[in-house]
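What follows is a single structure, written as structure tokens, with notes after it.
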Protein chains: 2
Amino acid sequence: MELRHLRYFAAVAQALSFTRAAASLRLAQPSLSKQIRNLEDEIGVRLFDRDRNHVSLTDAGTVFFDEAKRLLDGVEDAVKLARATAEGKTGKLRIAAISPLTLSFLPASLVHFRQKYPDVHVSIFERIGSDILAGLKEGTIDLGIVFHPGFRKGRRPGFASKRLLQCPVVAIINPSHPLAEKQSLSLRDLKNETFLPIRFTGSNGHRDWMESLARSVGFKPRFGQDTETPDGLPGMVAAGYGVSLVAKVYEWPASPAYLFRTLSDPDLKFELHAVWIPGSTSIPLNNFLEILGGDIHALQNRE
Amino acid sequence: MELRHLRYFAAVAQALSFTRAAASLRLAQPSLSKQIRNLEDEIGVRLFDRDRNHVSLTDAGTVFFDEAKRLLDGVEDAVKLARATAEGKTGKLRIAAISPLTLSFLPASLVHFRQKYPDVHVSIFERIGSDILAGLKEGTIDLGIVFHPGFRKGRRPGFASKRLLQCPVVAIINPSHPLAEKQSLSLRDLKNETFLPIRFTGSNGHRDWMESLARSVGFKPRFGQDTETPDGLPGMVAAGYGVSLVAKVYEWPASPAYLFRTLSDPDLKFELHAVWIPGSTSIPLNNFLEILGGDIHALQNRE
DNA sequence: TCAGCGTAATAGCCTATGGCTATCAGTCTC
DNA sequence: GAGACTGATAGCCATAGGCTATTACGCTGA
């Protein structure tokens, strides 16, 4: 059996006439009769009652007509779906970020993407850095957002990346703290301080980031109370619980209750990178990267 | 596009190899390659990534594979359904009875039918006699159960019928009623009595039947209170509300509280007929009639 | 490193079959 | 009863689906 049989059958069942159905199919009537007969022979069921001058569906023909219509529609839908998927108009895009906070740099691109590809299902996960790279490799993630890709220096093969953002790191300190007097502040100067992490939606991203920064200049930081929301952080500092580090782009409005000091360490930068597998066949990913490329200039201006 | 394309595509997607898929399809590999290429050209979408030595599905191919499997299964199901319908193993049988009570003669046949054709959906309606005949004509009913088909004498054309049952009519009367003394009771003797109809599930069938019996011997009966269930009737008679008529097969167990008297009118019979359109193409109907034919002897023995 | 196997693609032939025209055999209508 | 419908039948033709032979390229292993 072929779709042709279903198409022809449906046309006859619709028109209840071989002649008219043949005309609508742009087919000669005998060809149609033959195909219908072949179909009936193959499934072993009479689908039409044809008394010399009139055609009607048998019971079996009636149920088969319903099925045939559904199947023919299904074929059309399948083709449409495949085409939409090929154009990236449908499908899925799985983004994993090292911290929900870093997503604050993506909304513009996500909005652009959603406007252009409204039927692509975008899901966002939070993972630690190594899990993101592993997820990319095993194909469970399409795009990762990480602080400093491990391959920055060694250019780890098998990944592609694009720097979304680079900006200085600033410390938030209490104005009454002795360090507030210092003109130039380096990270090592904070070596004996208590660091306050943001624990946004349960993520340890901020804490891990501060720890890796501290380790890069040779000390292991002591951590204090965490805050649930980013906006709680200045208050904690003002209350004297400790200091904290954030990217300069996160700076809160100035206030007498806390101070921002850009750290003087020359190599200390907050960086945000998009990572993916180069040559990935995911069309939504490639479409997203294209949009991201256009948006990056705007992001860079926030440095 | 033809089903062939879907079948071939599914085979390749399954095997992820043109060679093996071709083997499983008992087809030469180049033929398969050509068909897949035709399919891709027609829908305008690359379904496979083939680097020289390995085959994998594209995103579009993956979604199309899902659809293709569903469609191919659907085709099989459609054929099975059509075959089952043609054999009467599925489909529907719509029975309309003049009163729910009359169905008490059908259960045996219905049970036999259900055992043999468990997937046929049997629906039972209640209609007045003329509506049953009209329903049969317009094809909304497959089989009718009526008291005395209007065509009994004239042999109304366009209908076929079979007598399911013929039995005497009995009156239920109160033992203290003067008529209880009479040796032989005819329907006309009850001309001035109050008749108690059963109004089972809201049906007027019993009342209509008594009225037509009375009219056939020349009087218009007066009706009294109705009872909701058949079993309420003897109690009503015992309480002196009136008399009633039932088929002899309905006789309740004997009791000092009420009397059964077979009416002496020679032509007065309770009859139950099955009616249908001869030559109907409904396979379930024909199967049911066949079963009914076998069961009728058992029914006749109840006269 | 290169031979050998295994992959899919290409080229070109052949025939099975889907489609055609011409015709027939009935029905219904006027 | 003539004519205009209907669908079925017969038989021809050409498209295209299938075949074999071959090519082009990777991977594997001695």
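Identifiers for the structure tokens are assigned positionally: chains receive A, B, ... in sequence, residues are indexed from 1 per chain, and ligands are indexed from 1 in the order shown.
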Within 8 Å of chain B: residues of chain A, using only C-alpha atoms, as a PDB file with C-alpha atoms, in the first residue's frame:
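The file below, selection32.pdb, is the result:
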```pdb
ATOM      1  CA  MET A   1       0.000   0.000   0.000  1.00  0.00           C
ATOM      2  CA  GLU A   2       1.157   3.508  -0.801  1.00  0.00           C
ATOM      3  CA  LEU A   3      -0.008   6.969   0.147  1.00  0.00           C
ATOM      4  CA  ARG A   4      -1.344   7.217  -3.379  1.00  0.00           C
ATOM      5  CA  ILE A  43      -6.347  -5.104   2.491  1.00  0.00           C
ATOM      6  CA  GLY A  44      -8.912  -7.742   1.565  1.00  0.00           C
ATOM      7  CA  VAL A  45     -11.899  -5.547   2.342  1.00  0.00           C
ATOM      8  CA  ARG A  46     -14.582  -3.993   0.184  1.00  0.00           C
ATOM      9  CA  THR A  58     -19.202   0.292   3.393  1.00  0.00           C
ATOM     10  CA  ASP A  59     -18.900   0.233   7.166  1.00  0.00           C
ATOM     11  CA  ALA A  60     -15.271  -0.755   6.792  1.00  0.00           C
ATOM     12  CA  GLY A  61     -14.837   2.028   4.223  1.00  0.00           C
ATOM     13  CA  VAL A  63     -13.838   3.762   9.405  1.00  0.00           C
ATOM     14  CA  PHE A  64     -10.999   3.514   6.901  1.00  0.00           C
ATOM     15  CA  GLU A  67      -8.159   6.813   9.407  1.00  0.00           C
ATOM     16  CA  ALA A  68      -7.027   7.791   5.925  1.00  0.00           C
ATOM     17  CA  LEU A  71      -2.972   9.727   8.157  1.00  0.00           C
ATOM     18  CA  GLY A  74      -0.337  13.438   9.622  1.00  0.00           C
ATOM     19  CA  VAL A  75       1.951  13.196   6.610  1.00  0.00           C
ATOM     20  CA  ALA A  78       5.270  15.580   9.584  1.00  0.00           C
ATOM     21  CA  VAL A  79       6.699  17.349   6.556  1.00  0.00           C
ATOM     22  CA  LEU A  81       7.469  19.797  11.276  1.00  0.00           C
ATOM     23  CA  ALA A  82      10.627  18.550   9.596  1.00  0.00           C
ATOM     24  CA  ARG A  83      10.884  21.745   7.572  1.00  0.00           C
ATOM     25  CA  ALA A  84      10.303  23.917  10.613  1.00  0.00           C
ATOM     26  CA  THR A  85      12.945  21.969  12.507  1.00  0.00           C
ATOM     27  CA  ALA A  86      15.413  22.317   9.653  1.00  0.00           C
ATOM     28  CA  GLY A  91      13.116  22.358  18.322  1.00  0.00           C
ATOM     29  CA  THR A 281      24.288  20.519  14.011  1.00  0.00           C
ATOM     30  CA  SER A 282      21.761  22.123  16.332  1.00  0.00           C
ATOM     31  CA  ILE A 283      20.098  24.757  14.195  1.00  0.00           C
TER      32      ILE A 283
END
```
Select residues of chain C: the criterion is any atom within 10 Å of an atom of chain B, counting only C-alpha atoms (C1' of nucleotides); output as a count of residues only. 5
For chain B, work out the contacting residues on chain D at 10 Å, counting only C-alpha atoms (C1' of nucleotides), and write them as a PyMOL selection string. chain D and resi 17-20+24-27
Could those selected residues go to a file with C-alpha atoms (C1' of nucleotides), as a PDB file, in the first residue's frame?
```pdb
ATOM      1  C1'  DG D  17      11.774   2.190  -9.100  1.00  0.00           C
ATOM      2  C1'  DG D  18      14.725  -1.390  -9.023  1.00  0.00           C
ATOM      3  C1'  DC D  19      18.966  -3.689 -10.537  1.00  0.00           C
ATOM      4  C1'  DT D  20      24.351  -4.340 -11.435  1.00  0.00           C
ATOM      5  C1'  DA D  24      35.269   7.627  -4.249  1.00  0.00           C
ATOM      6  C1'  DC D  25      36.385   7.951   0.091  1.00  0.00           C
ATOM      7  C1'  DG D  26      37.624   6.431   5.419  1.00  0.00           C
ATOM      8  C1'  DC D  27      38.869   3.482   8.677  1.00  0.00           C
TER       9       DC D  27
END
```
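When atom CA of B:Pro230 is paired with atom CA of B:Phe200, their separation reads 6.9 Å.
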Do a neighbour search on D:DC12 at 12 Å with only C-alpha atoms (C1' of nucleotides), toss out local chain neighbours closer than 6 positions, and write the hits as a list in words. DG19, DC20, DT21 and DA22 of chain C
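Counting only C-alpha atoms (C1' of nucleotides), D:DT28 has the following residues at most 12 Å away, ignoring those fewer than 3 positions along the same chain: DC2, DA3, DG4, DC5 and DG6 of chain C.
Secondary structure of stretch 180-210 of chain A, helix (DSSP H, G or I) only (DSSP, backbone atoms): Ala180, Glu181, Leu187, Arg188, Asp189, Leu190, Phe200, Thr201, Gly202, Gly205, His206, Arg207, Asp208, Trp209 and Met210 of chain A.
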Residues just named, written with N, CA and C atoms as a CSV table (one decimal), in the first residue's frame:
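The resulting part-v2.csv:
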```
chain,number,residue,atom,x,y,z
A,180,ALA,N,39.3,50.9,53.9
A,180,ALA,CA,38.7,52.0,53.2
A,180,ALA,C,39.6,53.2,53.0
A,181,GLU,N,40.6,53.2,53.8
A,181,GLU,CA,41.6,54.3,53.8
A,181,GLU,C,42.6,54.1,52.6
A,187,LEU,N,43.6,42.3,45.7
A,187,LEU,CA,42.8,41.2,46.3
A,187,LEU,C,43.5,40.6,47.5
A,188,ARG,N,44.9,40.5,47.4
A,188,ARG,CA,45.6,40.0,48.6
A,188,ARG,C,45.4,40.8,49.8
A,189,ASP,N,45.1,42.1,49.7
A,189,ASP,CA,44.9,42.9,50.8
A,189,ASP,C,43.6,42.4,51.6
A,190,LEU,N,42.8,41.6,51.0
A,190,LEU,CA,41.5,41.2,51.6
A,190,LEU,C,41.7,39.8,52.2
A,200,PHE,N,22.1,32.8,45.5
A,200,PHE,CA,20.9,33.1,44.7
A,200,PHE,C,20.3,31.7,44.2
A,201,THR,N,19.1,31.5,44.6
A,201,THR,CA,18.4,30.2,44.2
A,201,THR,C,19.3,29.0,44.5
A,202,GLY,N,19.9,29.1,45.7
A,202,GLY,CA,20.7,27.9,46.1
A,202,GLY,C,22.0,27.7,45.4
A,205,GLY,N,27.6,29.4,42.9
A,205,GLY,CA,28.4,30.0,41.8
A,205,GLY,C,29.2,31.2,42.3
A,206,HIS,N,28.6,32.1,43.0
A,206,HIS,CA,29.3,33.3,43.5
A,206,HIS,C,30.4,33.0,44.4
A,207,ARG,N,30.1,32.1,45.4
A,207,ARG,CA,31.1,31.7,46.3
A,207,ARG,C,32.3,31.0,45.6
A,208,ASP,N,32.0,30.0,44.7
A,208,ASP,CA,33.0,29.3,44.0
A,208,ASP,C,33.9,30.3,43.2
A,209,TRP,N,33.3,31.3,42.6
A,209,TRP,CA,34.0,32.2,41.8
A,209,TRP,C,35.0,33.0,42.7
A,210,MET,N,34.5,33.5,43.9
A,210,MET,CA,35.4,34.2,44.8
A,210,MET,C,36.5,33.4,45.2
```
DSSP-assigned strand (DSSP E or B) members of stretch 80-142 of chain B, reported as a list in words: Thr90, Gly91, Lys92, Leu93, Arg94, Ile95, Ala96, Ala97, Asp119, Val120, His121, Val122, Ser123, Ile124, Phe125 and Glu126 of chain B
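Take atom CA of B:Lys89 and atom CA of B:Pro118: the distance between them is 7.4 Å.
With only C-alpha atoms as the basis for measurement, B:Leu110 is the residue among B:Ala11, B:Val249, B:Leu110, B:Ala21 that approaches B:Glu290 most closely.
Going from atom CA of B:Ile132 to atom CA of B:Val275 covers 8.9 Å.
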